[in-house]
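As provided, my_file.cif (mmCIF, C-alpha atoms and all ligand atoms) reads as follows.
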data_model
loop_
_atom_site.label_atom_id
_atom_site.label_comp_id
_atom_site.auth_asym_id
_atom_site.auth_seq_id
_atom_site.Cartn_x
_atom_site.Cartn_y
_atom_site.Cartn_z
CA MET A 8 66.57 197.55 -71.44
CA ARG A 9 65.96 198.46 -67.79
CA ILE A 10 68.62 198.27 -65.08
CA TYR A 11 65.96 196.93 -62.70
CA ASP A 12 65.66 193.78 -64.87
CA VAL A 13 69.45 193.36 -65.08
CA ILE A 14 69.74 193.56 -61.27
CA ASP A 15 66.83 191.16 -60.85
CA LYS A 16 68.36 188.65 -63.28
CA LYS A 17 71.72 188.71 -61.47
CA LYS A 18 69.98 188.47 -58.08
CA LYS A 19 68.34 185.21 -59.28
CA GLY A 20 71.75 183.84 -60.29
CA MET A 21 71.15 183.90 -64.03
CA GLU A 22 73.96 184.58 -66.50
CA LEU A 23 73.92 188.11 -67.99
CA THR A 24 74.42 188.78 -71.68
CA GLU A 25 77.22 191.01 -73.00
CA GLU A 26 74.63 193.72 -73.79
CA GLU A 27 73.28 193.67 -70.24
CA ILE A 28 76.76 193.96 -68.73
CA TYR A 29 77.75 196.84 -71.03
CA PHE A 30 74.41 198.54 -70.33
CA ALA A 31 74.99 198.42 -66.56
CA ILE A 32 78.67 199.48 -66.54
CA ASN A 33 78.49 202.13 -69.26
CA GLY A 34 75.24 203.52 -67.85
CA PHE A 35 76.83 203.89 -64.41
CA VAL A 36 79.98 205.54 -65.80
CA ALA A 37 77.84 207.97 -67.83
CA GLY A 38 75.86 208.90 -64.71
CA GLU A 39 72.63 207.46 -66.12
CA ILE A 40 72.39 204.67 -63.55
CA PRO A 41 72.33 206.01 -59.98
CA ASP A 42 74.55 204.76 -57.16
CA TYR A 43 71.68 202.97 -55.36
CA GLN A 44 70.94 200.75 -58.35
CA MET A 45 74.62 200.07 -59.04
CA ALA A 46 75.09 199.22 -55.36
CA ALA A 47 72.29 196.65 -55.65
CA PHE A 48 73.89 195.26 -58.83
CA LEU A 49 77.29 194.94 -57.08
CA MET A 50 75.68 193.24 -54.08
CA ALA A 51 73.92 190.79 -56.42
CA ILE A 52 77.33 189.96 -57.96
CA TYR A 53 78.78 189.65 -54.45
CA PHE A 54 76.29 186.91 -53.56
CA GLN A 55 75.78 185.22 -56.95
CA GLY A 56 79.29 185.50 -58.42
CA MET A 57 79.94 185.66 -62.15
CA THR A 58 80.71 183.10 -64.81
CA ASP A 59 84.07 183.41 -66.57
CA ARG A 60 82.30 184.70 -69.68
CA GLU A 61 80.50 187.43 -67.72
CA LEU A 62 83.74 188.35 -65.98
CA ILE A 63 85.68 188.60 -69.23
CA GLU A 64 83.01 190.86 -70.72
CA MET A 65 82.66 193.09 -67.66
CA THR A 66 86.45 193.52 -67.46
CA LYS A 67 86.62 194.35 -71.17
CA CYS A 68 83.96 197.01 -70.73
CA MET A 69 85.85 198.51 -67.74
CA THR A 70 89.15 198.42 -69.68
CA GLU A 71 87.58 200.25 -72.62
CA SER A 72 86.16 202.99 -70.37
CA GLY A 73 89.43 205.00 -70.49
CA ASP A 74 92.89 205.27 -72.06
CA MET A 75 94.35 202.06 -73.44
CA ALA A 76 98.13 202.09 -73.89
CA ASP A 77 99.45 201.00 -77.26
CA LEU A 78 102.96 199.70 -76.60
CA SER A 79 103.55 198.45 -80.15
CA ARG A 80 106.38 200.97 -80.64
CA ILE A 81 108.38 199.07 -78.03
CA GLN A 82 110.22 196.18 -79.63
CA GLY A 83 109.93 192.69 -78.18
CA ILE A 84 107.47 190.98 -75.89
CA LYS A 85 106.39 193.32 -73.08
CA VAL A 86 105.65 191.45 -69.85
CA ASP A 87 103.86 193.22 -66.99
CA LYS A 88 103.83 192.23 -63.34
CA HIS A 89 101.21 193.13 -60.78
CA SER A 90 100.77 192.37 -57.11
CA THR A 91 97.39 192.15 -55.40
CA GLY A 92 98.94 194.10 -52.55
CA GLY A 93 100.98 193.66 -49.45
CA VAL A 94 103.28 195.09 -46.82
CA GLY A 95 106.95 195.61 -47.67
CA ASP A 96 106.31 194.71 -51.29
CA LYS A 97 109.22 196.21 -53.21
CA THR A 98 109.39 193.36 -55.74
CA THR A 99 109.02 195.58 -58.83
CA LEU A 100 112.14 197.54 -57.83
CA VAL A 101 114.19 194.34 -58.08
CA VAL A 102 112.35 192.36 -60.74
CA GLY A 103 112.17 195.27 -63.23
CA PRO A 104 115.94 195.87 -63.43
CA LEU A 105 116.72 192.15 -63.16
CA VAL A 106 114.47 191.19 -66.08
CA ALA A 107 115.74 194.11 -68.17
CA ALA A 108 119.36 193.11 -67.42
CA CYS A 109 118.55 189.63 -68.80
CA GLY A 110 117.09 190.96 -72.07
CA GLY A 111 113.40 191.29 -71.13
CA LYS A 112 111.21 194.34 -71.76
CA VAL A 113 109.45 195.98 -68.81
CA ALA A 114 107.21 198.97 -69.57
CA LYS A 115 105.77 199.42 -66.11
CA MET A 116 102.99 201.70 -65.02
CA SER A 117 102.69 201.63 -61.24
CA GLY A 118 100.47 203.17 -58.62
CA ARG A 119 100.84 205.08 -55.40
CA GLY A 120 100.17 203.51 -52.03
CA LEU A 121 96.88 203.89 -50.24
CA GLY A 122 95.88 202.34 -46.94
CA PHE A 123 98.24 199.75 -45.51
CA THR A 124 99.89 198.83 -48.83
CA GLY A 125 102.76 200.90 -50.17
CA GLY A 126 103.11 201.99 -53.79
CA THR A 127 106.12 201.55 -56.08
CA ILE A 128 105.86 205.16 -57.30
CA ASP A 129 106.11 206.57 -53.77
CA LYS A 130 109.13 204.39 -53.10
CA LEU A 131 110.89 205.43 -56.31
CA GLU A 132 110.27 209.08 -55.56
CA SER A 133 112.47 208.68 -52.46
CA ILE A 134 115.40 208.90 -54.88
CA PRO A 135 116.24 212.60 -55.24
CA GLY A 136 115.28 214.04 -58.63
CA LEU A 137 113.57 210.94 -59.98
CA ALA A 138 110.49 211.75 -62.08
CA THR A 139 107.72 209.21 -62.52
CA ALA A 140 105.81 211.23 -65.11
CA MET A 141 107.09 210.85 -68.66
CA ASP A 142 105.55 211.60 -72.04
CA GLU A 143 104.77 208.66 -74.28
CA ASP A 144 107.72 209.17 -76.64
CA ALA A 145 110.24 209.32 -73.80
CA PHE A 146 108.66 206.25 -72.16
CA PHE A 147 108.87 204.17 -75.35
CA GLU A 148 112.41 205.35 -76.09
CA THR A 149 113.58 204.51 -72.55
CA VAL A 150 112.13 200.98 -72.68
CA ASN A 151 113.59 200.42 -76.16
CA ASP A 152 117.04 201.60 -74.99
CA LEU A 153 117.22 200.21 -71.46
CA GLY A 154 114.55 197.51 -71.41
CA LEU A 155 112.94 199.27 -68.45
CA ALA A 156 111.01 202.33 -67.32
CA ILE A 157 108.66 202.70 -64.35
CA ILE A 158 106.15 205.54 -64.49
CA GLY A 159 102.94 206.50 -62.70
CA GLN A 160 99.81 205.19 -64.32
CA SER A 161 97.65 207.64 -66.31
CA ALA A 162 94.80 209.20 -64.36
CA ASN A 163 92.42 207.99 -67.05
CA ILE A 164 93.20 204.25 -66.85
CA ALA A 165 89.93 202.32 -66.38
CA PRO A 166 87.82 205.19 -64.96
CA ALA A 167 84.92 202.72 -64.64
CA ASP A 168 86.97 200.88 -62.03
CA LYS A 169 87.67 204.08 -60.13
CA LYS A 170 83.96 204.88 -59.93
CA LEU A 171 82.96 201.31 -59.11
CA TYR A 172 85.68 200.97 -56.46
CA ALA A 173 84.52 204.14 -54.70
CA LEU A 174 81.01 202.66 -54.53
CA ARG A 175 82.27 199.21 -53.44
CA ASP A 176 84.27 200.87 -50.69
CA VAL A 177 81.11 202.25 -49.03
CA THR A 178 78.75 199.34 -49.75
CA SER A 179 80.83 196.47 -48.31
CA THR A 180 81.42 194.91 -51.74
CA VAL A 181 85.21 195.26 -51.98
CA ASP A 182 85.92 191.71 -50.81
CA SER A 183 84.25 189.98 -53.74
CA ILE A 184 86.57 187.75 -55.76
CA PRO A 185 85.01 188.49 -59.19
CA LEU A 186 84.91 192.24 -58.47
CA ILE A 187 88.55 192.28 -57.32
CA ALA A 188 89.59 190.23 -60.37
CA ALA A 189 87.78 192.57 -62.79
CA SER A 190 89.12 195.66 -61.02
CA ILE A 191 92.77 194.60 -61.16
CA MET A 192 92.63 193.09 -64.64
CA SER A 193 90.85 196.09 -66.21
CA LYS A 194 93.85 198.23 -65.27
CA LYS A 195 96.35 195.58 -66.38
CA LEU A 196 94.71 195.13 -69.76
CA ALA A 197 94.56 198.91 -70.30
CA ALA A 198 98.30 199.13 -69.51
CA GLY A 199 98.94 197.36 -72.81
CA SER A 200 101.61 194.71 -72.13
CA ASP A 201 101.59 191.50 -74.18
CA LYS A 202 101.73 189.11 -71.23
CA ILE A 203 101.03 189.33 -67.53
CA VAL A 204 102.51 187.81 -64.37
CA LEU A 205 100.36 188.24 -61.27
CA ASP A 206 101.58 188.11 -57.70
CA VAL A 207 98.55 186.95 -55.75
CA THR A 208 99.36 187.47 -52.10
CA VAL A 209 97.94 185.31 -49.29
CA GLY A 210 97.70 185.87 -45.55
CA SER A 211 97.17 188.46 -42.83
CA GLY A 212 98.64 191.31 -44.93
CA ALA A 213 96.78 190.45 -48.14
CA PHE A 214 93.26 190.88 -49.51
CA MET A 215 93.00 187.09 -49.63
CA LYS A 216 93.47 185.65 -46.16
CA SER A 217 93.26 181.97 -47.18
CA LEU A 218 95.04 179.90 -49.81
CA ASP A 219 91.72 178.65 -51.22
CA ASP A 220 90.41 182.20 -51.79
CA ALA A 221 93.72 183.25 -53.31
CA LEU A 222 93.62 180.28 -55.70
CA LEU A 223 90.09 181.23 -56.73
CA LEU A 224 91.12 184.85 -57.33
CA ALA A 225 94.17 183.69 -59.30
CA GLU A 226 92.03 181.41 -61.48
CA LYS A 227 89.59 184.25 -62.22
CA MET A 228 92.36 186.69 -63.13
CA VAL A 229 94.08 184.12 -65.35
CA ALA A 230 90.73 183.42 -67.07
CA ILE A 231 90.25 187.17 -67.72
CA GLY A 232 93.80 187.65 -69.05
CA GLU A 233 93.61 184.60 -71.30
CA GLY A 234 90.09 185.63 -72.38
CA ALA A 235 91.58 188.94 -73.54
CA GLY A 236 94.19 187.03 -75.56
CA LYS A 237 97.12 187.67 -73.19
CA GLU A 238 99.06 184.80 -71.72
CA THR A 239 98.71 185.18 -67.94
CA VAL A 240 100.42 183.40 -65.08
CA ALA A 241 99.58 183.89 -61.39
CA ILE A 242 102.00 183.04 -58.62
CA LEU A 243 100.74 182.84 -55.04
CA THR A 244 103.07 184.24 -52.39
CA ASP A 245 103.16 184.48 -48.62
CA MET A 246 101.90 187.77 -47.18
CA ASP A 247 101.24 186.34 -43.71
CA VAL A 248 104.42 188.19 -42.69
CA PRO A 249 105.78 191.49 -44.06
CA LEU A 250 107.87 190.81 -47.16
CA GLY A 251 111.58 191.08 -46.36
CA GLU A 252 112.70 193.12 -43.38
CA ALA A 253 111.99 196.70 -44.47
CA VAL A 254 108.63 198.48 -44.68
CA GLY A 255 108.76 202.13 -45.70
CA ASN A 256 110.14 204.06 -48.62
CA ASP A 257 113.89 204.83 -48.31
CA ILE A 258 114.49 201.62 -46.38
CA GLU A 259 112.67 199.52 -49.01
CA ILE A 260 114.81 201.07 -51.75
CA ILE A 261 117.91 200.15 -49.73
CA GLU A 262 116.64 196.57 -49.31
CA ALA A 263 115.95 196.37 -53.06
CA ILE A 264 119.53 197.53 -53.76
CA GLN A 265 120.95 194.89 -51.39
CA THR A 266 118.85 192.23 -53.12
CA LEU A 267 120.06 193.32 -56.57
CA GLN A 268 123.58 192.83 -55.18
CA GLY A 269 122.77 189.25 -54.20
CA GLY A 270 122.03 190.00 -50.52
CA GLY A 271 118.76 191.01 -48.90
CA PRO A 272 116.37 188.84 -46.88
CA GLU A 273 115.98 185.26 -48.04
CA ASP A 274 112.16 185.31 -48.48
CA PHE A 275 112.29 188.45 -50.60
CA ARG A 276 115.24 187.18 -52.68
CA ARG A 277 113.39 183.97 -53.47
CA ILE A 278 110.22 185.79 -54.55
CA CYS A 279 112.21 188.18 -56.78
CA GLN A 280 113.99 185.28 -58.46
CA THR A 281 110.74 183.38 -59.03
CA PHE A 282 109.03 186.40 -60.65
CA SER A 283 112.05 187.33 -62.75
CA ILE A 284 112.30 183.80 -64.13
CA ALA A 285 108.54 183.68 -64.85
CA MET A 286 108.65 187.04 -66.67
CA LEU A 287 111.69 186.05 -68.73
CA MET A 288 110.09 182.74 -69.71
CA LEU A 289 106.89 184.52 -70.78
CA GLY A 290 109.04 187.02 -72.68
CA GLY A 291 110.43 184.15 -74.73
CA ILE A 292 113.98 184.57 -73.40
CA GLY A 293 114.45 180.86 -72.64
CA ASP A 294 113.40 177.85 -70.60
CA GLU A 295 113.38 177.81 -66.79
CA LYS A 296 116.98 176.62 -66.44
CA THR A 297 118.33 179.21 -68.90
CA CYS A 298 116.36 182.04 -67.28
CA ALA A 299 117.48 181.02 -63.77
CA SER A 300 121.09 181.10 -64.87
CA LEU A 301 120.62 184.49 -66.60
CA VAL A 302 119.15 185.90 -63.39
CA LYS A 303 122.04 184.57 -61.33
CA SER A 304 124.69 186.03 -63.62
CA ALA A 305 122.92 189.43 -63.90
CA ILE A 306 123.15 189.69 -60.11
CA ASP A 307 126.65 188.23 -59.74
CA GLU A 308 128.09 190.48 -62.46
CA GLY A 309 126.41 193.63 -61.09
CA ARG A 310 124.40 194.20 -64.29
CA ALA A 311 121.05 194.15 -62.49
CA LEU A 312 122.14 196.93 -60.12
CA ASP A 313 123.65 198.89 -63.04
CA LYS A 314 120.29 198.61 -64.79
CA LEU A 315 118.47 200.17 -61.83
CA ALA A 316 121.07 202.97 -61.75
CA ALA A 317 120.65 203.53 -65.51
CA MET A 318 116.88 203.74 -65.14
CA VAL A 319 117.16 206.16 -62.21
CA GLU A 320 119.53 208.38 -64.19
CA ARG A 321 117.35 208.30 -67.30
CA GLN A 322 114.33 209.31 -65.22
CA GLY A 323 116.24 212.31 -63.85
CA GLY A 324 117.23 210.79 -60.50
CA ASP A 325 120.56 210.84 -58.68
CA SER A 326 122.01 207.39 -59.41
CA SER A 327 124.79 207.82 -56.83
CA TYR A 328 122.15 206.80 -54.25
CA ILE A 329 121.98 203.36 -55.88
CA TYR A 330 125.71 202.74 -55.45
CA HIS A 331 125.89 204.58 -52.11
CA PRO A 332 122.61 203.87 -50.31
CA GLU A 333 124.18 205.27 -47.14
CA LYS A 334 123.36 208.65 -48.71
CA PHE A 335 119.70 208.13 -47.75
CA ARG A 336 119.42 210.07 -44.52
CA LYS A 337 118.31 208.24 -41.40
CA ALA A 338 115.02 209.07 -39.74
CA ILE A 339 115.26 211.59 -36.91
CA TYR A 340 113.42 209.45 -34.37
CA GLU A 341 113.59 205.73 -33.80
CA MET A 342 112.37 203.32 -31.17
CA LYS A 343 112.92 199.61 -30.56
CA LEU A 344 110.14 197.10 -29.97
CA ILE A 345 111.48 194.63 -27.43
CA SER A 346 110.36 191.04 -26.93
CA PRO A 347 108.54 190.65 -23.61
CA VAL A 348 109.00 186.85 -23.49
CA ASP A 349 111.15 183.83 -24.38
CA GLY A 350 109.73 181.49 -27.04
CA PHE A 351 108.69 182.02 -30.65
CA VAL A 352 106.89 184.61 -32.73
CA THR A 353 103.78 182.59 -33.53
CA HIS A 354 101.84 185.06 -35.70
CA MET A 355 102.01 188.56 -37.14
CA ASP A 356 99.00 190.66 -38.06
CA THR A 357 100.69 191.95 -41.19
CA GLU A 358 97.92 194.38 -42.07
CA ALA A 359 98.43 195.97 -38.62
CA CYS A 360 102.17 196.20 -39.39
CA GLY A 361 101.30 198.08 -42.59
CA ARG A 362 98.93 200.37 -40.70
CA THR A 363 101.69 201.09 -38.18
CA ALA A 364 103.98 202.18 -41.02
CA VAL A 365 101.22 204.57 -42.15
CA ILE A 366 100.90 205.99 -38.61
CA LEU A 367 104.65 206.66 -38.62
CA GLY A 368 104.25 208.56 -41.91
CA ALA A 369 105.45 205.97 -44.47
CA GLY A 370 102.05 205.75 -46.21
CA ARG A 371 99.01 207.86 -46.91
CA GLU A 372 96.07 208.22 -44.55
CA ASN A 373 94.12 209.57 -47.54
CA LYS A 374 94.78 210.55 -51.16
CA GLU A 375 95.85 214.07 -50.22
CA SER A 376 98.39 213.21 -47.50
CA GLY A 377 102.12 213.38 -48.05
CA ILE A 378 104.75 210.74 -47.40
CA ASP A 379 107.66 210.76 -44.97
CA SER A 380 110.21 208.85 -47.03
CA ARG A 381 112.40 208.12 -44.00
CA ALA A 382 109.59 206.65 -41.90
CA GLY A 383 109.03 202.92 -41.63
CA ILE A 384 109.75 199.71 -39.75
CA ARG A 385 112.64 197.28 -39.85
CA PHE A 386 111.69 193.78 -38.72
CA TYR A 387 114.35 191.66 -37.01
CA LYS A 388 112.03 188.84 -35.90
CA LYS A 389 109.14 187.41 -37.87
CA THR A 390 106.77 184.46 -37.53
CA GLY A 391 108.64 181.25 -36.70
CA ASP A 392 111.73 182.98 -35.29
CA PRO A 393 112.94 181.98 -31.80
CA ILE A 394 113.13 184.90 -29.38
CA ARG A 395 114.55 185.71 -25.96
CA GLN A 396 113.09 188.26 -23.61
CA GLY A 397 114.80 191.61 -24.39
CA ASP A 398 115.51 190.81 -28.07
CA VAL A 399 114.78 193.60 -30.54
CA LEU A 400 111.76 192.50 -32.60
CA ALA A 401 111.59 195.60 -34.77
CA ARG A 402 112.72 199.19 -35.02
CA LEU A 403 110.33 202.03 -35.80
CA TYR A 404 111.47 205.15 -37.70
CA THR A 405 109.77 208.50 -38.17
CA SER A 406 110.28 212.24 -38.55
CA ARG A 407 107.29 212.91 -36.27
CA GLU A 408 108.13 212.01 -32.69
CA GLU A 409 104.46 212.20 -31.64
CA THR A 410 103.63 209.13 -33.77
CA LEU A 411 106.05 206.79 -31.97
CA GLN A 412 103.88 205.87 -28.97
CA GLU A 413 100.84 204.98 -31.10
CA GLY A 414 103.09 203.14 -33.56
CA MET A 415 104.65 201.11 -30.74
CA LYS A 416 101.23 200.24 -29.31
CA ASN A 417 99.97 199.04 -32.69
CA LEU A 418 103.08 197.10 -33.64
CA SER A 419 103.31 195.42 -30.29
CA ALA A 420 99.67 194.27 -30.65
CA ALA A 421 100.49 192.89 -34.11
CA TYR A 422 102.88 190.28 -32.65
CA SER A 423 101.75 187.01 -31.01
CA PHE A 424 104.10 184.78 -29.03
CA GLY A 425 104.05 181.18 -27.80
CA ALA A 426 106.20 178.33 -26.60
CA GLU A 427 105.81 176.16 -29.75
CA LYS A 428 107.49 176.89 -33.07
CA PRO A 429 104.68 177.55 -35.58
CA GLN A 430 104.56 176.29 -39.14
CA ARG A 431 105.49 179.18 -41.44
CA MET A 432 104.07 179.35 -44.99
CA LYS A 433 106.46 178.84 -47.88
CA SER A 434 107.38 182.10 -49.65
CA VAL A 435 106.09 180.79 -52.98
CA LEU A 436 102.97 178.67 -52.53
CA ALA A 437 101.54 177.80 -55.94
CA SER A 438 101.19 178.92 -59.53
CA VAL A 439 98.11 179.08 -61.72
CA THR A 440 98.05 179.04 -65.52
CA LYS A 441 95.28 178.27 -68.02
CA ASP A 442 96.36 174.62 -67.66
CA GLY A 443 95.64 174.50 -63.93
CA ILE A 444 97.15 174.82 -60.48
CA GLN A 445 100.60 173.73 -59.41
CA ARG A 446 101.24 173.69 -55.67
CA TYR A 447 104.79 173.95 -54.28
N1 LIG A 501 93.17 196.13 -55.90
C1 LIG A 501 92.45 196.67 -56.90
O1 LIG A 501 92.98 197.35 -57.77
N2 LIG A 501 91.11 196.44 -56.90
C2 LIG A 501 90.48 195.71 -55.96
O2 LIG A 501 89.27 195.54 -56.04
C3 LIG A 501 91.25 195.16 -54.93
C4 LIG A 501 92.61 195.39 -54.92
#
Using the file provided, produce a representation of the structure as structure tokens.
Ligand code: URA
Amino acid sequence: MRIYDVIDKKKKGMELTEEEIYFAINGFVAGEIPDYQMAAFLMAIYFQGMTDRELIEMTKCMTESGDMADLSRIQGIKVDKHSTGGVGDKTTLVVGPLVAACGGKVAKMSGRGLGFTGGTIDKLESIPGLATAMDEDAFFETVNDLGLAIIGQSANIAPADKKLYALRDVTSTVDSIPLIAASIMSKKLAAGSDKIVLDVTVGSGAFMKSLDDALLLAEKMVAIGEGAGKETVAILTDMDVPLGEAVGNDIEIIEAIQTLQGGGPEDFRRICQTFSIAMLMLGGIGDEKTCASLVKSAIDEGRALDKLAAMVERQGGDSSYIYHPEKFRKAIYEMKLISPVDGFVTHMDTEACGRTAVILGAGRENKESGIDSRAGIRFYKKTGDPIRQGDVLARLYTSREETLQEGMKNLSAAYSFGAEKPQRMKSVLASVTKDGIQRY
């Protein structure tokens, strides 16, 4: 077989065989196929797409390129959750404890943030002492005992994806729906859970800017999950505004704690409830009504918050921060963004909001940079909110005073204003299963 012929076949829009796909991916990972030919192959996929069968086979090959977790020593149905990325996305910090408090099993391997999206592991590490590296025995034992552990994902999960992503990043082939679907699902399948719930974000702070593209991505990911024999549900959520009010690390942990206590911003609360119910249903805990009532009582009775504290303690962290979030120290410098007009917030460039948080120190400029856990942004006004001139739209926090001016400039450019109240997207837009799409 010659890679030239495989590229040529894909370029002409013909369906590749399993052997051809494995030849291309494995050859690239082994260093036998050079970057320039793989770049041409990726560009051919970008323009011609892939059939579901091709996609299932390519993802399987990428999954098998590295470590594959065997979670069979954890009792019960393990349900994983993954988000396609966003700004202010602290959902795992609420959904994990909530599902575990209702009897579900969450063996979660999460990533660090890069670019404008934050990572669950960075957020968790804001809690003094908390370790996100755990050996396999301790991980299994913790999930068996508590129903929950959140650790950093192994460096050798889907190495084919790592190598492909690096090439996509410099060849303008990141924004391809089949390539995104295979990339995300290869890592999910390698993480070893029995079932998968996907949060497919839509809007100015998401990979998918339109509902139609997000639905297509969701359908592809569901097809891959189901093709691998794992029941998979995708839920589409609004990322046209930052999720909740807090973007950063310490402040997102505090918002997660408030939400586990039944408070927190309404949009974030609704998304957490939706995902918790979906995960519990997939975990075989009950029907929708039963799971909704379990979620409510776990919050009302304080068991969901206790579960987060138990997990923090078990992972070596100081759980007093969970019951006394005022212990998180405030950022040294802060600045208010003030509304220049009367009217409404008509749009937010949410990706720009995420980039502002990075400028302030809340995220990484590159893989080597550190994180300022106190840095971030608190949003008081979002799209659709009425405003008066002089209102505080947002507050910026940082430990590096020199970042404030650039942060202010960027955040102020991220807001648009007008006289008419705009239509705001619903927080939960649609769900996709193997049986089709349901719009809300
Ligand atoms: N997230 C991933 O892991 N891969 C992509 O290709 C896009 C988003």
If you take only C-alpha atoms and all ligand atoms and a cut-off of 9 Å, which residues of chain A touch ligand LIG 501 (chain A), and what are their nearest atom pairs and distances in Å to one decimal, in chain and number order, as CSV?
residue,atom,partner,partner_atom,distance
A:Ser90,CA,A:LIG501,N1,8.6
A:Thr91,CA,A:LIG501,C4,5.8
A:Gly92,CA,A:LIG501,C4,6.9
A:Asp168,CA,A:LIG501,N2,7.9
A:Lys169,CA,A:LIG501,O1,8.9
A:Tyr172,CA,A:LIG501,O2,6.5
A:Arg175,CA,A:LIG501,O2,8.3
A:Thr180,CA,A:LIG501,O2,9.0
A:Val181,CA,A:LIG501,O2,5.7
A:Asp182,CA,A:LIG501,O2,7.3
A:Ser183,CA,A:LIG501,O2,7.8
A:Ile184,CA,A:LIG501,O2,8.2
A:Pro185,CA,A:LIG501,O2,8.8
A:Leu186,CA,A:LIG501,O2,6.0
A:Ile187,CA,A:LIG501,O2,3.6
A:Ala188,CA,A:LIG501,O2,6.9
A:Ala189,CA,A:LIG501,O2,7.5
A:Ser190,CA,A:LIG501,N2,4.6
A:Ile191,CA,A:LIG501,O1,4.4
A:Met192,CA,A:LIG501,O1,8.1
A:Ser193,CA,A:LIG501,O1,8.8
A:Lys194,CA,A:LIG501,O1,7.6
A:Phe214,CA,A:LIG501,C4,7.1
Requested write-out: C-alpha atoms of the selected residues, as an mmCIF file, keeping the file's coordinate frame:
data_model
loop_
_atom_site.group_PDB
_atom_site.id
_atom_site.type_symbol
_atom_site.label_atom_id
_atom_site.label_comp_id
_atom_site.auth_asym_id
_atom_site.auth_seq_id
_atom_site.Cartn_x
_atom_site.Cartn_y
_atom_site.Cartn_z
ATOM 1 C CA SER A 90 100.770 192.370 -57.110
ATOM 2 C CA THR A 91 97.390 192.150 -55.400
ATOM 3 C CA GLY A 92 98.940 194.100 -52.550
ATOM 4 C CA ASP A 168 86.970 200.880 -62.030
ATOM 5 C CA LYS A 169 87.670 204.080 -60.130
ATOM 6 C CA TYR A 172 85.680 200.970 -56.460
ATOM 7 C CA ARG A 175 82.270 199.210 -53.440
ATOM 8 C CA THR A 180 81.420 194.910 -51.740
ATOM 9 C CA VAL A 181 85.210 195.260 -51.980
ATOM 10 C CA ASP A 182 85.920 191.710 -50.810
ATOM 11 C CA SER A 183 84.250 189.980 -53.740
ATOM 12 C CA ILE A 184 86.570 187.750 -55.760
ATOM 13 C CA PRO A 185 85.010 188.490 -59.190
ATOM 14 C CA LEU A 186 84.910 192.240 -58.470
ATOM 15 C CA ILE A 187 88.550 192.280 -57.320
ATOM 16 C CA ALA A 188 89.590 190.230 -60.370
ATOM 17 C CA ALA A 189 87.780 192.570 -62.790
ATOM 18 C CA SER A 190 89.120 195.660 -61.020
ATOM 19 C CA ILE A 191 92.770 194.600 -61.160
ATOM 20 C CA MET A 192 92.630 193.090 -64.640
ATOM 21 C CA SER A 193 90.850 196.090 -66.210
ATOM 22 C CA LYS A 194 93.850 198.230 -65.270
ATOM 23 C CA PHE A 214 93.260 190.880 -49.510
#
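Between atom CA of Phe424 of chain A and atom CA of Gly255 of chain A the separation is 24.5 Å.
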Atom-to-atom span, atom CA of Glu273 of chain A and atom CA of Thr98 of chain A, Å: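 For atom CA of Glu273 of chain A relative to atom CA of Thr98 of chain A, the distance reads 13.0 Å.
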A:Glu308, A:Glu238, A:Asp152, A:Asp15: which is nearest Ala51 of chain A, counting all atoms listed in the file?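 Among the listed residues, A:Asp15 lies closest to Ala51 of chain A.
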Just the residues within 12 Å of segment 268-272 of chain A, please, counting only C-alpha atoms, with nothing from its chain fewer than 2 positions along; format it as a short mmCIF file (atom, residue, chain, number, x, y, z; two decimals) with C-alpha atoms, in the coordinates of the input.
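Final file, selection-v2.cif:
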data_model
loop_
_atom_site.label_atom_id
_atom_site.label_comp_id
_atom_site.auth_asym_id
_atom_site.auth_seq_id
_atom_site.Cartn_x
_atom_site.Cartn_y
_atom_site.Cartn_z
CA GLY A 95 106.95 195.61 -47.67
CA LYS A 97 109.22 196.21 -53.21
CA THR A 98 109.39 193.36 -55.74
CA VAL A 101 114.19 194.34 -58.08
CA PRO A 104 115.94 195.87 -63.43
CA LEU A 105 116.72 192.15 -63.16
CA PRO A 249 105.78 191.49 -44.06
CA LEU A 250 107.87 190.81 -47.16
CA GLY A 251 111.58 191.08 -46.36
CA GLU A 252 112.70 193.12 -43.38
CA ALA A 253 111.99 196.70 -44.47
CA ILE A 258 114.49 201.62 -46.38
CA GLU A 259 112.67 199.52 -49.01
CA ILE A 260 114.81 201.07 -51.75
CA ILE A 261 117.91 200.15 -49.73
CA GLU A 262 116.64 196.57 -49.31
CA ALA A 263 115.95 196.37 -53.06
CA ILE A 264 119.53 197.53 -53.76
CA GLN A 265 120.95 194.89 -51.39
CA THR A 266 118.85 192.23 -53.12
CA ASP A 274 112.16 185.31 -48.48
CA PHE A 275 112.29 188.45 -50.60
CA ARG A 276 115.24 187.18 -52.68
CA ARG A 277 113.39 183.97 -53.47
CA ILE A 278 110.22 185.79 -54.55
CA CYS A 279 112.21 188.18 -56.78
CA GLN A 280 113.99 185.28 -58.46
CA VAL A 302 119.15 185.90 -63.39
CA LYS A 303 122.04 184.57 -61.33
CA SER A 304 124.69 186.03 -63.62
CA ALA A 305 122.92 189.43 -63.90
CA ILE A 306 123.15 189.69 -60.11
CA ASP A 307 126.65 188.23 -59.74
CA GLU A 308 128.09 190.48 -62.46
CA GLY A 309 126.41 193.63 -61.09
CA ARG A 310 124.40 194.20 -64.29
CA ALA A 311 121.05 194.15 -62.49
CA LEU A 312 122.14 196.93 -60.12
CA ASP A 313 123.65 198.89 -63.04
CA LYS A 314 120.29 198.61 -64.79
CA LEU A 315 118.47 200.17 -61.83
CA ILE A 329 121.98 203.36 -55.88
CA TYR A 330 125.71 202.74 -55.45
CA ARG A 385 112.64 197.28 -39.85
CA PHE A 386 111.69 193.78 -38.72
CA TYR A 387 114.35 191.66 -37.01
CA LYS A 388 112.03 188.84 -35.90
CA LYS A 389 109.14 187.41 -37.87
CA SER A 434 107.38 182.10 -49.65
#
